[in-house]
Structures are given as structure tokens and as C-alpha cells.
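Heads up, the thing below is written out as C-alpha cells.
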Amino acid sequence: MKKLLLTLIALLAFSCPVFASNWISIGTTADGSEYSIDISSVSTHNLTQLEENQNRVAERMGYKGANVPYKILWVHIANADGTTSIQHIKVYQDKTMAVLGFANYDSAGNVIHSVPDGYSAPDSIYPGSIGEALYKFAYPFNS
């Protein structure tokens with residue numbers, strides 16, 4: 001019985017997926033901060049049928065549909081002074097983005113400030129910014 005239980009545990013341990021980060025650099029700012037994206041955790045939200053229908057109703061009434069496809073990314077920022085930040089960011093297909101939450105760390109790796117995920121209002125993405133680099137990563141064929 002013990003062998004069967006150990007075999008089952010080993011089988012489960014080896015068959016479970018490994019969730020590892022895979023960070024790629026997307027750019028460095030003028031102040032020396034390097035921005036990276038975890039490409040292994042990117043998630044995509046395409047419009048559901050309900051959201052598409054809501055957009056059509058709004059457009060028939062003369063308004064722009066409010067529902068937009070988006071991708072959610074984890075961004076790591078390594079500052080020149082040794083501090084870092086991890087940000088959870090939503091990048092919309094209409095060239096806007098919102099910071100969902102973040103954690104800032106001192107140079108020793110201690111959390112100095114954090115805000116849990118909350119859906120802030122989207123802001124415009126400006127040309128030549130890190131936001132544009134995030135957008136180009138998320139939507140390479142729209143750029």
C-alpha cells in the first residue's frame with residue numbers, strides 16, 4: 001500500500017505543470033530603469049458574445065462600444081538605484097492601459113509599498129513610452 005501511495009505522489013509531482021517566470025527585456029528608460037515582461041504569464045481576454053452584443057447596441061445608439069479586448073501582463077522594473085517594482089498591467093487593444101496593482105521593493109528585496117489588484121481607469125498610451133513598448137508586445141500586428 002505504501003508503494004502505491006508513493007507511486008501516486010511521485011506521478012502527481014512529475015505530471016503537474018511547472019509555473020516559472022520567463023522575463024524578457026522590453027526597454028530601458030533615460031533614468032536607467034529596465035523594464036521586463038513575464039511572457040509565460042500573459043493572459044488574453046477576447047470579447048464574449050454578450051460584450052459584442054453590448055457594443056453593437058451602444059453603436060446603434062450612436063455611442064462607441066465600451067468593451068475592448070485586453071491582455072494582462074506582469075512587468076518587472078529594475079531601477080538604477082537597486083530598487084525594483086512588480087506591476088500587474090492591463091493593456092487594451094484600443095491603445096490604453098491600466099495598472100491593476102503593484103509592489104515596490106527596496107534594494108534588499110523588502111516590500112516598501114504595495115497596492116493589491118484593483119481596476120483603475122485606463123489611461124492613454126503615449127508614443128515613445130514604455131507603455132507603447134508594452135502595447136507593441138501585446139499587439140504586435142496592430143502597431
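In the C-alpha cells, each chain is lettered A, B, ... as it comes, each chain's residues begin at 1, and ligands are numbered from 1 in order of appearance.
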Per residue of range 36-80 of chain A within 12 Å of range 120-132 of chain A, which atom pair is closest and at what distance in Å (one decimal), using only C-alpha atoms, listed by chain and increasing number, as CSV?
```
residue,atom,partner,partner_atom,distance
A:Ser36,CA,A:Ile130,CA,10.2
A:Ile37,CA,A:Ile130,CA,11.3
A:Ala66,CA,A:Pro122,CA,11.7
A:Val68,CA,A:Pro122,CA,11.2
A:Tyr70,CA,A:Pro122,CA,11.1
A:Leu73,CA,A:Gly131,CA,11.7
A:Val75,CA,A:Ile130,CA,10.7
A:Ile77,CA,A:Ile130,CA,10.8
```
- Message: For the structure I just gave you, how does DSSP split range 25-57 of chain A - specifically, which residues are strand (DSSP E or B)? Reply as number ranges by chain.
- Response: A: 25-28, 34-38, 43-45
Write to file, as a tab-separated table (two decimals), in the first residue's frame, the residues of the selection just made, with all heavy atoms.
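Here's the written file out-v2.tsv:
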```tsv
chain	number	residue	atom	x	y	z
A	25	SER	N	13.37	41.44	-21.61
A	25	SER	CA	13.51	42.90	-21.51
A	25	SER	C	12.77	43.56	-22.67
A	25	SER	O	12.83	43.10	-23.81
A	25	SER	CB	14.98	43.29	-21.56
A	25	SER	OG	15.12	44.69	-21.52
A	26	ILE	N	12.05	44.66	-22.35
A	26	ILE	CA	11.38	45.40	-23.41
A	26	ILE	C	11.93	46.81	-23.57
A	26	ILE	O	11.52	47.53	-24.46
A	26	ILE	CB	9.86	45.48	-23.19
A	26	ILE	CG1	9.53	46.16	-21.88
A	26	ILE	CG2	9.23	44.12	-23.30
A	26	ILE	CD1	8.12	46.67	-21.81
A	27	GLY	N	12.83	47.20	-22.69
A	27	GLY	CA	13.43	48.52	-22.85
A	27	GLY	C	13.96	49.11	-21.56
A	27	GLY	O	13.67	48.64	-20.47
A	28	THR	N	14.76	50.15	-21.74
A	28	THR	CA	15.36	50.89	-20.64
A	28	THR	C	15.01	52.35	-20.81
A	28	THR	O	15.10	52.89	-21.92
A	28	THR	CB	16.89	50.69	-20.62
A	28	THR	OG1	17.16	49.29	-20.55
A	28	THR	CG2	17.53	51.38	-19.44
A	34	GLU	N	15.20	49.43	-16.12
A	34	GLU	CA	14.98	48.40	-17.14
A	34	GLU	C	13.63	47.73	-16.90
A	34	GLU	O	13.32	47.29	-15.80
A	34	GLU	CB	16.08	47.34	-17.11
A	34	GLU	CG	15.89	46.31	-18.20
A	34	GLU	CD	17.00	45.27	-18.25
A	34	GLU	OE1	18.01	45.43	-17.56
A	34	GLU	OE2	16.82	44.28	-18.98
A	35	TYR	N	12.84	47.63	-17.96
A	35	TYR	CA	11.50	47.04	-17.91
A	35	TYR	C	11.53	45.67	-18.58
A	35	TYR	O	12.08	45.53	-19.68
A	35	TYR	CB	10.50	47.94	-18.63
A	35	TYR	CG	10.12	49.16	-17.85
A	35	TYR	CD1	11.02	50.21	-17.67
A	35	TYR	CD2	8.86	49.27	-17.29
A	35	TYR	CE1	10.68	51.33	-16.95
A	35	TYR	CE2	8.51	50.40	-16.56
A	35	TYR	CZ	9.42	51.42	-16.41
A	35	TYR	OH	9.07	52.53	-15.68
A	36	SER	N	10.93	44.69	-17.91
A	36	SER	CA	10.84	43.33	-18.44
A	36	SER	C	9.41	42.82	-18.29
A	36	SER	O	8.69	43.24	-17.39
A	36	SER	CB	11.78	42.39	-17.68
A	36	SER	OG	13.10	42.85	-17.74
A	37	ILE	N	9.03	41.90	-19.17
A	37	ILE	CA	7.70	41.28	-19.13
A	37	ILE	C	7.87	39.79	-18.91
A	37	ILE	O	8.75	39.16	-19.51
A	37	ILE	CB	6.96	41.48	-20.47
A	37	ILE	CG1	6.72	42.95	-20.74
A	37	ILE	CG2	5.64	40.73	-20.48
A	37	ILE	CD1	6.13	43.22	-22.11
A	38	ASP	N	7.02	39.22	-18.07
A	38	ASP	CA	6.98	37.77	-17.88
A	38	ASP	C	6.10	37.19	-18.99
A	38	ASP	O	4.88	37.21	-18.90
A	38	ASP	CB	6.42	37.42	-16.50
A	38	ASP	CG	6.37	35.92	-16.27
A	38	ASP	OD1	6.90	35.15	-17.11
A	38	ASP	OD2	5.79	35.51	-15.25
A	43	SER	N	-2.02	36.81	-20.18
A	43	SER	CA	-3.36	36.26	-20.41
A	43	SER	C	-4.14	37.20	-21.32
A	43	SER	O	-3.96	38.41	-21.29
A	43	SER	CB	-4.10	36.03	-19.08
A	43	SER	OG	-4.32	37.25	-18.43
A	44	THR	N	-4.99	36.62	-22.14
A	44	THR	CA	-5.75	37.36	-23.14
A	44	THR	C	-7.24	37.28	-22.85
A	44	THR	O	-7.74	36.22	-22.50
A	44	THR	CB	-5.48	36.77	-24.55
A	44	THR	OG1	-4.09	36.86	-24.82
A	44	THR	CG2	-6.25	37.51	-25.62
A	45	HIS	N	-7.91	38.42	-22.98
A	45	HIS	CA	-9.37	38.44	-22.86
A	45	HIS	C	-9.95	38.94	-24.19
A	45	HIS	O	-9.81	40.12	-24.53
A	45	HIS	CB	-9.84	39.36	-21.73
A	45	HIS	CG	-11.32	39.53	-21.71
A	45	HIS	ND1	-12.17	38.58	-21.19
A	45	HIS	CD2	-12.12	40.52	-22.17
A	45	HIS	CE1	-13.42	38.99	-21.32
A	45	HIS	NE2	-13.41	40.17	-21.92
```
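Using only C-alpha atoms, the nearest neighbour of Gly32 in chain A within the list A:Asn79, A:Tyr63, A:Lys71, A:Ala58 is A:Asn79.
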- Query: What residues in range 25-118 of chain A get the DSSP label alpha helix (DSSP H)? Please answer as a PyMOL selection string.
  - Reply: chain A and resi 49-60
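With only C-alpha atoms taken into account, the protein and nucleic acid residues at most 6 Å from range 106-118 of chain A (excluding it and anything under 6 positions from it in its own chain) are A:Gly82, A:Thr83, A:Leu100.
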- Query: Can you tell me, as an MDAnalysis selection string, what residues are no more than 9 Å from Ile39 in chain A when counting only C-alpha atoms, ignoring any on the same chain fewer than 2 positions away?
  - Reply: chainID A and resid 21:24 37 41:42 73:74
Requested write-out: N, CA and C atoms of the selected residues, as a short mmCIF file (atom, residue, chain, number, x, y, z; two decimals), in the first residue's frame:
```cif
data_model
loop_
_atom_site.label_atom_id
_atom_site.label_comp_id
_atom_site.auth_asym_id
_atom_site.auth_seq_id
_atom_site.Cartn_x
_atom_site.Cartn_y
_atom_site.Cartn_z
N SER A 21 8.70 31.81 -14.17
CA SER A 21 8.71 33.09 -14.86
C SER A 21 9.68 33.03 -16.04
N ASN A 22 9.35 33.76 -17.07
CA ASN A 22 10.21 33.85 -18.24
C ASN A 22 10.26 35.31 -18.65
N TRP A 23 11.15 36.07 -18.02
CA TRP A 23 11.22 37.51 -18.21
C TRP A 23 12.04 37.87 -19.45
N ILE A 24 11.49 38.78 -20.27
CA ILE A 24 12.25 39.32 -21.40
C ILE A 24 12.26 40.85 -21.27
N ILE A 37 9.03 41.90 -19.17
CA ILE A 37 7.70 41.28 -19.13
C ILE A 37 7.87 39.79 -18.91
N SER A 41 3.28 34.41 -18.37
CA SER A 41 2.04 34.63 -17.64
C SER A 41 1.07 35.58 -18.33
N VAL A 42 1.30 35.87 -19.60
CA VAL A 42 0.41 36.77 -20.33
C VAL A 42 -0.95 36.09 -20.52
N LEU A 73 -0.53 41.61 -18.21
CA LEU A 73 0.90 41.34 -18.18
C LEU A 73 1.46 41.59 -16.79
N TRP A 74 2.52 40.87 -16.45
CA TRP A 74 3.32 41.17 -15.27
C TRP A 74 4.57 41.87 -15.77
#
```
So which residues touch Asn53 in chain A within 10 Å, counting only C-alpha atoms, skipping near sequence neighbours fewer than 6 positions away, as a compact mmCIF listing (two decimals) with N, CA, C and O atoms, in the first residue's frame?
```
# COMPACT_ATOMS: atom_id res chain seq x y z
N LEU A 47 -13.40 39.46 -26.54
CA LEU A 47 -14.77 39.81 -26.20
C LEU A 47 -15.68 38.58 -26.22
O LEU A 47 -15.60 37.75 -27.11
N GLU A 59 -23.39 51.13 -30.29
CA GLU A 59 -23.09 51.72 -31.60
C GLU A 59 -24.37 52.11 -32.34
O GLU A 59 -24.41 53.13 -33.01
N GLY A 65 -18.74 51.49 -28.46
CA GLY A 65 -18.83 50.35 -27.54
C GLY A 65 -17.78 50.43 -26.45
O GLY A 65 -16.63 50.78 -26.71
N ASN A 67 -16.72 47.90 -24.46
CA ASN A 67 -15.97 46.66 -24.24
C ASN A 67 -14.84 46.54 -25.26
O ASN A 67 -15.07 46.67 -26.46
```
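The smallest atom-to-atom distance between Ala78 in chain A and any of A:Glu51, A:Asp31, A:Tyr139, A:Gln93, using only C-alpha atoms, is found for A:Asp31.
One finds CA of Lys90 in chain A at 9.9 Å from CA of Ala138 in chain A.
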- Could you check how far CA of Gly101 in chain A sits from CA of Thr48 in chain A, in Å to one decimal? 24.6 Å
